[in-house]
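Next up, model32.cif (mmCIF, C-alpha atoms):
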```cif
data_final
#
loop_
_atom_site.label_atom_id
_atom_site.label_comp_id
_atom_site.auth_asym_id
_atom_site.auth_seq_id
_atom_site.Cartn_x
_atom_site.Cartn_y
_atom_site.Cartn_z
CA MET M 5 -97.73 -1.00 26.85
CA ALA M 6 -94.68 -2.92 27.94
CA GLY M 7 -93.77 -5.80 30.24
CA GLN M 8 -90.53 -7.11 31.70
CA GLY M 9 -90.08 -10.83 32.21
CA ASP M 10 -90.70 -12.25 35.70
CA ASP M 11 -92.49 -15.19 37.33
CA ARG M 12 -95.93 -13.75 36.63
CA HIS M 13 -97.97 -14.17 33.50
CA HIS M 14 -99.21 -11.25 31.42
CA ILE M 15 -102.51 -11.15 29.55
CA VAL M 16 -103.38 -8.51 26.94
CA ARG M 17 -106.97 -9.16 25.91
CA ASN M 18 -109.83 -7.37 24.07
CA ASN M 19 -108.17 -3.97 23.80
CA THR M 20 -108.22 -1.30 21.13
CA ILE M 21 -104.74 0.20 20.88
CA HIS M 22 -103.94 2.87 18.32
CA ASP M 23 -101.80 5.88 17.44
CA CYS M 24 -98.63 4.78 19.24
CA GLU M 25 -95.45 5.96 17.59
CA GLN M 26 -93.29 2.96 18.49
CA THR M 27 -95.20 -0.16 19.52
CA ALA M 28 -98.64 -1.04 20.86
CA SER M 29 -97.58 -4.02 22.98
CA ALA M 30 -93.99 -4.94 23.85
CA ALA M 31 -92.51 -7.48 26.25
CA VAL M 32 -89.22 -9.14 27.16
CA SER M 33 -88.60 -12.65 28.50
CA GLY M 34 -92.14 -13.44 29.54
CA PRO M 35 -92.77 -17.17 30.04
CA VAL M 36 -96.45 -17.02 29.01
CA GLN M 37 -98.12 -13.90 27.59
CA PRO M 38 -101.47 -14.47 25.87
CA ASN M 39 -102.57 -11.73 23.49
CA HIS M 40 -106.22 -12.25 22.53
CA GLY M 41 -108.85 -10.31 20.64
CA ASN M 42 -107.01 -7.02 20.30
CA HIS M 43 -107.53 -4.42 17.59
CA ILE M 44 -104.22 -2.63 16.97
CA TYR M 45 -103.79 0.03 14.32
CA ASN M 46 -102.01 3.26 13.36
CA ILE M 47 -98.72 2.29 14.97
CA TRP M 48 -95.48 4.00 13.89
CA ALA M 49 -97.60 5.96 11.44
CA GLN M 50 -95.53 9.16 11.38
CA ARG M 51 -92.15 7.36 11.40
CA LEU M 52 -90.88 9.65 14.16
CA PHE M 53 -88.43 7.02 15.41
CA SER M 54 -86.18 4.44 13.81
CA GLY M 55 -84.72 1.18 15.04
CA ALA M 56 -85.86 -2.32 15.81
CA GLU M 57 -88.75 -1.83 18.22
CA MET M 58 -91.51 -0.73 15.85
CA ALA M 59 -94.45 -3.13 15.51
CA GLY M 60 -97.99 -3.71 16.61
CA ILE M 61 -96.77 -6.52 18.87
CA LYS M 62 -93.00 -6.73 19.48
CA ILE M 63 -91.66 -9.41 21.83
CA HIS M 64 -88.25 -10.79 22.76
CA ALA M 65 -88.13 -14.30 24.20
CA SER M 66 -91.76 -15.21 23.60
CA ILE M 67 -91.61 -18.59 25.32
CA ASP M 68 -94.87 -20.58 24.87
CA LEU M 69 -96.70 -17.40 23.88
CA LEU M 70 -100.20 -17.51 22.36
CA ILE M 71 -101.28 -14.70 20.02
CA GLN M 72 -104.87 -15.39 18.97
CA GLY M 73 -107.77 -13.63 17.32
CA ASN M 74 -106.15 -10.24 16.83
CA ARG M 75 -106.66 -7.68 14.10
CA LEU M 76 -103.59 -5.63 13.20
CA HIS M 77 -103.31 -3.09 10.43
CA HIS M 78 -101.34 0.05 9.54
CA THR M 79 -98.65 -0.81 12.08
CA GLY M 80 -95.48 -0.72 9.94
CA ARG M 81 -94.72 -4.24 11.15
CA SER M 82 -97.68 -6.12 12.58
CA LEU M 83 -95.92 -8.90 14.54
CA TRP M 84 -92.23 -9.00 15.37
CA MET M 85 -91.16 -12.14 17.18
CA ASP M 86 -87.58 -11.16 17.91
CA TRP M 87 -84.88 -13.31 19.53
CA MET M 88 -85.71 -16.46 21.44
CA ALA M 89 -89.23 -17.22 20.23
CA GLN M 90 -89.88 -20.84 21.15
CA GLY M 91 -93.16 -22.68 21.53
CA THR M 92 -95.07 -19.61 20.32
CA ARG M 93 -98.31 -19.91 18.36
CA ILE M 94 -99.86 -17.17 16.20
CA THR M 95 -103.38 -18.15 15.16
CA GLY M 96 -106.69 -16.71 13.98
CA THR M 97 -105.18 -13.29 13.31
CA LEU M 98 -105.77 -10.83 10.48
CA LEU M 99 -102.58 -9.07 9.42
CA ARG M 100 -103.21 -6.27 6.97
CA GLN M 101 -100.17 -4.22 6.17
CA ARG M 102 -99.42 -1.96 3.22
CA PRO M 103 -96.63 -1.12 3.18
CA GLY M 104 -94.76 -3.13 5.77
CA ARG M 105 -94.12 -6.62 7.07
CA PRO M 106 -96.95 -8.38 8.92
CA VAL M 107 -94.71 -11.11 10.38
CA ARG M 108 -91.02 -10.65 11.06
CA GLY M 109 -88.68 -12.78 13.10
CA SER M 110 -85.07 -13.68 13.72
CA ASP M 111 -85.40 -16.77 15.86
CA HIS M 112 -84.31 -20.34 16.29
CA GLY M 113 -87.83 -21.64 16.91
CA PRO M 114 -89.77 -23.76 16.82
CA PHE M 115 -93.09 -21.95 16.63
CA LEU M 116 -96.38 -22.33 14.80
CA VAL M 117 -98.22 -19.81 12.59
CA ASP M 118 -101.65 -21.15 11.60
CA ASN M 119 -105.11 -20.11 10.38
CA ASN M 120 -104.19 -16.49 9.73
CA SER M 121 -104.82 -14.15 6.81
CA SER M 122 -101.88 -12.00 5.79
CA PHE M 123 -102.22 -9.13 3.33
CA PRO M 124 -98.77 -7.59 3.29
CA ASP M 125 -96.14 -6.08 1.11
CA GLN M 126 -93.61 -8.48 2.66
CA PRO M 127 -95.12 -11.11 4.96
CA ALA M 128 -92.28 -12.99 6.55
CA GLY M 129 -88.70 -12.40 7.57
CA HIS M 130 -85.82 -14.78 8.26
CA VAL M 131 -87.34 -17.29 10.68
CA PRO M 132 -86.01 -20.86 10.85
CA ARG M 133 -87.84 -23.81 12.37
CA ARG M 134 -91.32 -22.48 11.81
CA ARG M 135 -94.49 -24.32 10.79
CA LEU M 136 -97.10 -22.51 8.72
CA ARG M 137 -100.53 -24.09 8.30
CA ALA M 138 -103.76 -23.08 6.60
CA GLN M 139 -102.68 -19.53 5.78
CA LEU M 140 -103.72 -17.12 3.10
CA MET M 141 -100.60 -15.09 2.27
CA THR M 142 -100.61 -12.50 -0.49
CA GLY M 143 -97.16 -10.93 -0.33
CA ARG M 144 -93.47 -11.55 -0.59
CA ILE M 145 -91.50 -13.90 1.61
CA VAL M 146 -88.04 -12.80 2.68
CA SER M 147 -85.54 -15.54 3.55
CA ARG M 148 -82.29 -14.15 4.93
CA PRO M 149 -79.58 -15.65 7.11
CA GLU M 150 -77.75 -13.72 9.81
CA PRO M 151 -74.27 -15.31 10.04
CA ASN M 152 -72.58 -12.43 11.89
CA ARG M 153 -74.77 -12.40 15.00
CA VAL M 154 -75.41 -15.11 17.58
CA THR M 155 -78.55 -15.18 19.71
CA PRO M 156 -79.76 -17.44 22.54
CA TYR M 157 -81.91 -20.54 22.40
CA HIS M 158 -83.54 -22.38 25.30
CA PRO M 159 -84.58 -25.79 26.58
CA ALA M 160 -88.25 -26.49 25.83
CA HIS M 161 -90.70 -24.47 27.95
CA SER M 162 -87.90 -22.67 29.80
CA THR M 163 -86.31 -19.23 29.79
CA ALA M 164 -82.93 -20.70 30.74
CA VAL M 165 -80.28 -20.14 28.06
CA ALA M 166 -79.07 -23.38 26.50
CA GLY M 167 -76.56 -21.81 24.13
CA LEU M 168 -75.86 -19.27 21.39
CA VAL M 169 -75.97 -19.80 17.65
CA ASP M 170 -76.20 -17.76 14.44
CA ILE M 171 -79.21 -17.84 12.10
CA LYS M 172 -78.69 -19.90 8.98
CA GLY M 173 -82.29 -19.96 7.80
CA GLY M 174 -84.51 -22.68 6.47
CA ASP M 175 -86.08 -25.61 8.34
CA ASN M 176 -89.57 -24.26 7.61
CA ARG M 177 -92.67 -26.39 7.11
CA PHE M 178 -95.65 -25.26 5.03
CA TYR M 179 -98.91 -27.20 5.34
CA ASN M 180 -102.11 -26.52 3.34
CA ASN M 181 -101.50 -22.85 2.60
CA LEU M 182 -102.65 -20.64 -0.23
CA LEU M 183 -99.77 -18.39 -1.26
CA VAL M 184 -100.76 -15.70 -3.74
CA GLY M 185 -98.10 -14.08 -5.88
CA LYS M 186 -98.12 -11.50 -8.63
CA GLY M 187 -96.88 -13.67 -11.44
CA GLU M 188 -93.38 -12.27 -11.19
CA PRO M 189 -90.46 -14.49 -12.24
CA PRO M 190 -88.17 -15.42 -9.34
CA ALA M 191 -84.67 -14.07 -9.00
CA ALA M 192 -81.70 -16.15 -7.89
CA ALA M 193 -81.96 -17.30 -4.28
CA GLY M 194 -78.55 -16.18 -3.10
CA LYS M 195 -76.90 -17.94 -0.19
CA ALA M 196 -75.16 -14.96 1.40
CA ARG M 197 -77.86 -12.33 1.87
CA GLY M 198 -80.97 -14.31 1.13
CA ALA M 199 -83.85 -13.91 -1.26
CA SER M 200 -87.17 -12.10 -1.52
CA GLY M 201 -90.11 -13.08 -3.69
CA PHE M 202 -93.43 -14.86 -4.08
CA GLY M 203 -93.44 -18.59 -3.36
CA LEU M 204 -91.25 -21.03 -1.48
CA TRP M 205 -88.30 -20.87 -3.87
CA VAL M 206 -86.72 -18.30 -1.54
CA TYR M 207 -85.74 -21.16 0.79
CA ASP M 208 -84.04 -23.29 -1.86
CA ASN M 209 -80.46 -22.33 -0.93
CA ARG M 210 -80.83 -22.26 2.84
CA PRO M 211 -78.49 -24.71 4.62
CA PHE M 212 -81.25 -26.15 6.80
CA PRO M 213 -83.63 -28.37 4.85
CA ARG M 214 -87.23 -27.52 4.12
CA CYS M 215 -89.77 -30.28 4.77
CA ARG M 216 -90.53 -31.30 1.19
CA ARG M 217 -93.86 -32.96 1.85
CA ALA M 218 -95.07 -29.92 3.74
CA ALA M 219 -93.95 -27.55 1.02
CA MET M 220 -95.78 -29.61 -1.60
CA SER M 221 -99.06 -29.20 0.26
CA SER M 222 -99.11 -25.45 -0.40
CA ALA M 223 -100.93 -24.15 -3.45
CA MET M 224 -99.21 -21.15 -4.97
CA ALA M 225 -101.62 -19.12 -7.05
CA ARG M 226 -99.76 -17.12 -9.69
CA ALA M 227 -96.42 -17.87 -8.01
CA PRO M 228 -94.34 -19.04 -10.97
CA MET M 229 -91.86 -21.16 -9.04
CA PRO M 230 -92.84 -22.81 -5.74
CA ALA M 231 -89.57 -24.53 -4.78
CA LYS M 232 -87.26 -27.30 -5.79
CA GLN M 233 -88.74 -30.79 -5.41
CA THR M 234 -92.35 -29.53 -5.30
CA GLN M 235 -95.27 -29.75 -7.68
CA SER M 236 -96.37 -26.94 -10.00
CA PRO M 237 -98.44 -24.01 -8.73
CA CYS M 238 -102.16 -24.02 -9.47
CA GLY M 239 -101.82 -20.95 -11.69
CA VAL M 240 -105.07 -19.15 -10.85
CA ASN M 241 -105.69 -15.64 -9.61
CA PRO M 242 -108.07 -15.57 -6.60
CA LYS M 243 -108.03 -11.73 -6.54
CA ALA M 244 -107.96 -11.76 -2.75
CA ARG M 245 -108.92 -8.52 -1.06
CA ILE M 246 -110.13 -7.26 2.30
CA VAL M 247 -113.31 -5.18 2.65
CA ASP M 248 -113.94 -3.21 5.86
CA GLU M 249 -117.54 -2.60 6.89
CA GLY M 250 -117.47 -0.83 10.22
CA SER M 251 -116.34 -3.28 12.88
CA ASN M 252 -116.66 -6.19 10.42
CA VAL M 253 -113.95 -7.36 8.04
CA HIS M 254 -114.71 -9.51 5.00
CA LEU M 255 -112.39 -11.53 2.79
CA HIS M 256 -113.34 -11.56 -0.90
CA LEU M 257 -111.98 -14.27 -3.20
CA THR M 258 -112.68 -15.11 -6.82
CA TRP M 259 -113.16 -18.86 -6.74
CA ASP M 260 -111.64 -21.10 -9.38
CA PRO M 261 -112.17 -24.90 -9.53
CA ALA M 262 -108.40 -25.36 -9.74
CA MET M 263 -108.14 -24.06 -6.17
CA ARG M 264 -110.01 -27.14 -4.94
CA THR M 265 -107.54 -29.61 -6.43
CA PRO M 266 -104.20 -27.82 -6.81
CA THR M 267 -101.25 -29.66 -8.28
CA ALA M 268 -99.16 -28.69 -5.26
CA ARG M 269 -99.92 -31.57 -2.92
CA TRP M 270 -98.43 -34.13 -0.52
#
```
Serialized structure, structure tokens:
Amino acid sequence: MAGQGDDRHHIVRNNTIHDCEQTASAAVSGPVQPNHGNHIYNIWAQRLFSGAEMAGIKIHASIDLLIQGNRLHHTGRSLWMDWMAQGTRITGTLLRQRPGRPVRGSDHGPFLVDNNSSFPDQPAGHVPRRRLRAQLMTGRIVSRPEPNRVTPYHPAHSTAVAGLVDIKGGDNRFYNNLLVGKGEPPAAAGKARGASGFGLWVYDNRPFPRCRRAAMSSAMARAPMPAKQTQSPCGVNPKARIVDEGSNVHLHLTWDPAMRTPTARW
């Protein structure tokens, strides 16, 4: 399923899309393209192709796009917001991906990712100017600049090109999230090629600043090092897991009182 940008709006709603060997839903330069209530699975399962177009939902220039209430799993990459994602919101979506990357992007932003559950091997790619709120994230975060490639950015709510710039990384805001790690010690957050690991320390050496207050509002269970200038992680193991029961999906957590009052705060 693919769409080319024009003056019309595209709506992809309440579909079951499966067993596609590249992408389930792809679009380019659409001004508004709601994607609601879709169940997308078994995408790129056989790895018959290679390249940069494999994902459950893959979109270039997602201007003011709303992705809401979707369930994506076994898609290689669940969501790929490629160049020129501005004003996009991803909300109320279950991203279950092993192995793979539920959310990947290489954008200038801004866009909002809120109220989702992400159960990945690697949840997030190099996306600057992004706000993440009220998430449950159980995998690695990859922070990586792209200094050798320039991509477009736009005036607000417009597909007109305002200019070209490389991707330096950073300028992310994390509000009221639960980030679950594996207790692994962090490696050095290199400036040149980025960093991968559990917790917000992967953004420490990005040239764009991270909003410190926002980062401090995220509780990092078992993530040994949240970030510079933030409070300590809460240090519990919620043992988060997903249980499928037919068309129903349940989230199981082991509750700990420390999760109610984490030391990572505003």
Which residues are close to Ser54 in chain M, i.e. within 12 Å by all atoms listed in the file, leaving aside same-chain residues fewer than 5 positions away? Reply as a PyMOL selection string. chain M and resi 25-27+48-49+59+80
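Among the candidates M:Val146, M:Val206, M:Cys24, M:Ala31, the residue lying nearest to Phe53 in chain M is M:Cys24 (atoms considered: all atoms listed in the file).
In terms of minimum interatomic distance to Asn18 in chain M, M:Gly41 ranks closest within M:Gly109, M:Pro149, M:Gly41, M:Gly185, counting all atoms listed in the file.
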Using only C-alpha atoms, which residues sit within 10 Å of Lys243 in chain M once same-chain residues fewer than 3 positions away are excluded, as a VMD selection string? chain M and resid 142 184 225 240 256 to 259
Using all atoms listed in the file: which of M:Ile61, M:Val247, M:Ala262, M:Leu76 has the shortest distance to Arg108 in chain M: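 Counting all atoms listed in the file, the residue closest to Arg108 in chain M is M:Ile61.
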Can you spell out as a list in words the set of residues that the PyMOL selection byres ((chain M and resi 19-22) around 9) selects in the structure I just provided?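 What the PyMOL selection byres ((chain M and resi 19-22) around 9) grabs from the file is Val16, Arg17, Asn18, Asp23, Cys24, Ala28, Ser29, His40, Gly41, Asn42, His43, Ile44, Tyr45, Asn46, Ile47, Gly60 and Thr79 of chain M.
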Taking the file as I've supplied it (selection: the PyMOL selection byres ((chain M and resi 211) around 7)), which residues are included? Please answer as a list of chain:residue names. M:Lys172, M:Gly173, M:Gly174, M:Asn209, M:Arg210, M:Phe212, M:Pro213
Using only C-alpha atoms, please write the residues we just selected to a file, as a PDB file, keeping the file's coordinate frame.
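Heads up, here's the output in again-v5.pdb:
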```pdb
ATOM      1  CA  LYS M 172     -78.690 -19.900   8.980  1.00  0.00           C
ATOM      2  CA  GLY M 173     -82.290 -19.960   7.800  1.00  0.00           C
ATOM      3  CA  GLY M 174     -84.510 -22.680   6.470  1.00  0.00           C
ATOM      4  CA  ASN M 209     -80.460 -22.330  -0.930  1.00  0.00           C
ATOM      5  CA  ARG M 210     -80.830 -22.260   2.840  1.00  0.00           C
ATOM      6  CA  PHE M 212     -81.250 -26.150   6.800  1.00  0.00           C
ATOM      7  CA  PRO M 213     -83.630 -28.370   4.850  1.00  0.00           C
TER       8      PRO M 213
END
```
What are the closest atom pairs, with distances in Å to one decimal, for each residue of range 11-78 of chain M lying within 10 Å of range 112-126 of chain M, using all atoms listed in the file, rows by chain and rising residue number, as JSON lines?
```
{"residue": "M:Ser66", "atom": "CA", "partner": "M:Phe115", "partner_atom": "CA", "distance": 9.8}
{"residue": "M:Ile67", "atom": "CA", "partner": "M:Phe115", "partner_atom": "CA", "distance": 9.4}
{"residue": "M:Asp68", "atom": "CA", "partner": "M:Phe115", "partner_atom": "CA", "distance": 8.5}
{"residue": "M:Leu69", "atom": "CA", "partner": "M:Phe115", "partner_atom": "CA", "distance": 9.3}
{"residue": "M:Leu70", "atom": "CA", "partner": "M:Leu116", "partner_atom": "CA", "distance": 9.7}
{"residue": "M:Ile71", "atom": "CA", "partner": "M:Val117", "partner_atom": "CA", "distance": 9.5}
{"residue": "M:Gln72", "atom": "CA", "partner": "M:Asn120", "partner_atom": "CA", "distance": 9.3}
{"residue": "M:Gly73", "atom": "CA", "partner": "M:Asn120", "partner_atom": "CA", "distance": 8.9}
{"residue": "M:Asn74", "atom": "CA", "partner": "M:Asn120", "partner_atom": "CA", "distance": 9.7}
{"residue": "M:Arg75", "atom": "CA", "partner": "M:Ser121", "partner_atom": "CA", "distance": 9.9}
{"residue": "M:Leu76", "atom": "CA", "partner": "M:Ser122", "partner_atom": "CA", "distance": 9.9}
{"residue": "M:His77", "atom": "CA", "partner": "M:Phe123", "partner_atom": "CA", "distance": 9.4}
```
Could you write out the selected residues, including C-alpha atoms, as a CSV table (one decimal), keeping the file's coordinate frame?
```csv
chain,number,residue,atom,x,y,z
M,66,SER,CA,-91.8,-15.2,23.6
M,67,ILE,CA,-91.6,-18.6,25.3
M,68,ASP,CA,-94.9,-20.6,24.9
M,69,LEU,CA,-96.7,-17.4,23.9
M,70,LEU,CA,-100.2,-17.5,22.4
M,71,ILE,CA,-101.3,-14.7,20.0
M,72,GLN,CA,-104.9,-15.4,19.0
M,73,GLY,CA,-107.8,-13.6,17.3
M,74,ASN,CA,-106.2,-10.2,16.8
M,75,ARG,CA,-106.7,-7.7,14.1
M,76,LEU,CA,-103.6,-5.6,13.2
M,77,HIS,CA,-103.3,-3.1,10.4
```
Mind checking which residues fall within 12 Å of Asp111 in chain M, counting all atoms listed in the file, ignoring those fewer than 5 positions away in the same chain, and posting them as a PyMOL selection string? chain M and resi 63-67+84-92+129-134+148-150+153-158+168-176
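For the pair CA of Leu204 in chain M and CA of Leu182 in chain M, the separation is 11.5 Å.
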Under the rule that all atoms listed in the file are counted, which of M:Leu99, M:Leu255, M:Ile15, M:Ile94 is the nearest residue to Arg137 in chain M?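 Closest residue, counting all atoms listed in the file: M:Ile94.
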First collect every listed atom of range 148-162 of chain M; then fit an axis-aligned box around them, widen it by 3 Å on each side, and give centre and edge lengths in Å to one decimal, as AutoDock Vina command-line options.
```
--center_x -81.6 --center_y -19.4 --center_z 17.4 --size_x 24.1 --size_y 20.1 --size_z 30.9
```
Go through M:Ile246, M:Met58, M:Leu83, M:Leu52 one by one, measure the shortest atom-to-atom distance of each to Asn39 in chain M using all atoms listed in the file, and give the residue with the smallest value.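 Among the listed residues, the smallest separation from Asn39 in chain M belongs to M:Leu83.
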For a quick check of understanding, using all atoms listed in the file, which of M:Thr97, M:Thr163, M:Asn180, M:Asn152 has the smallest distance to Leu136 in chain M?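 Closest residue, counting all atoms listed in the file: M:Asn180.
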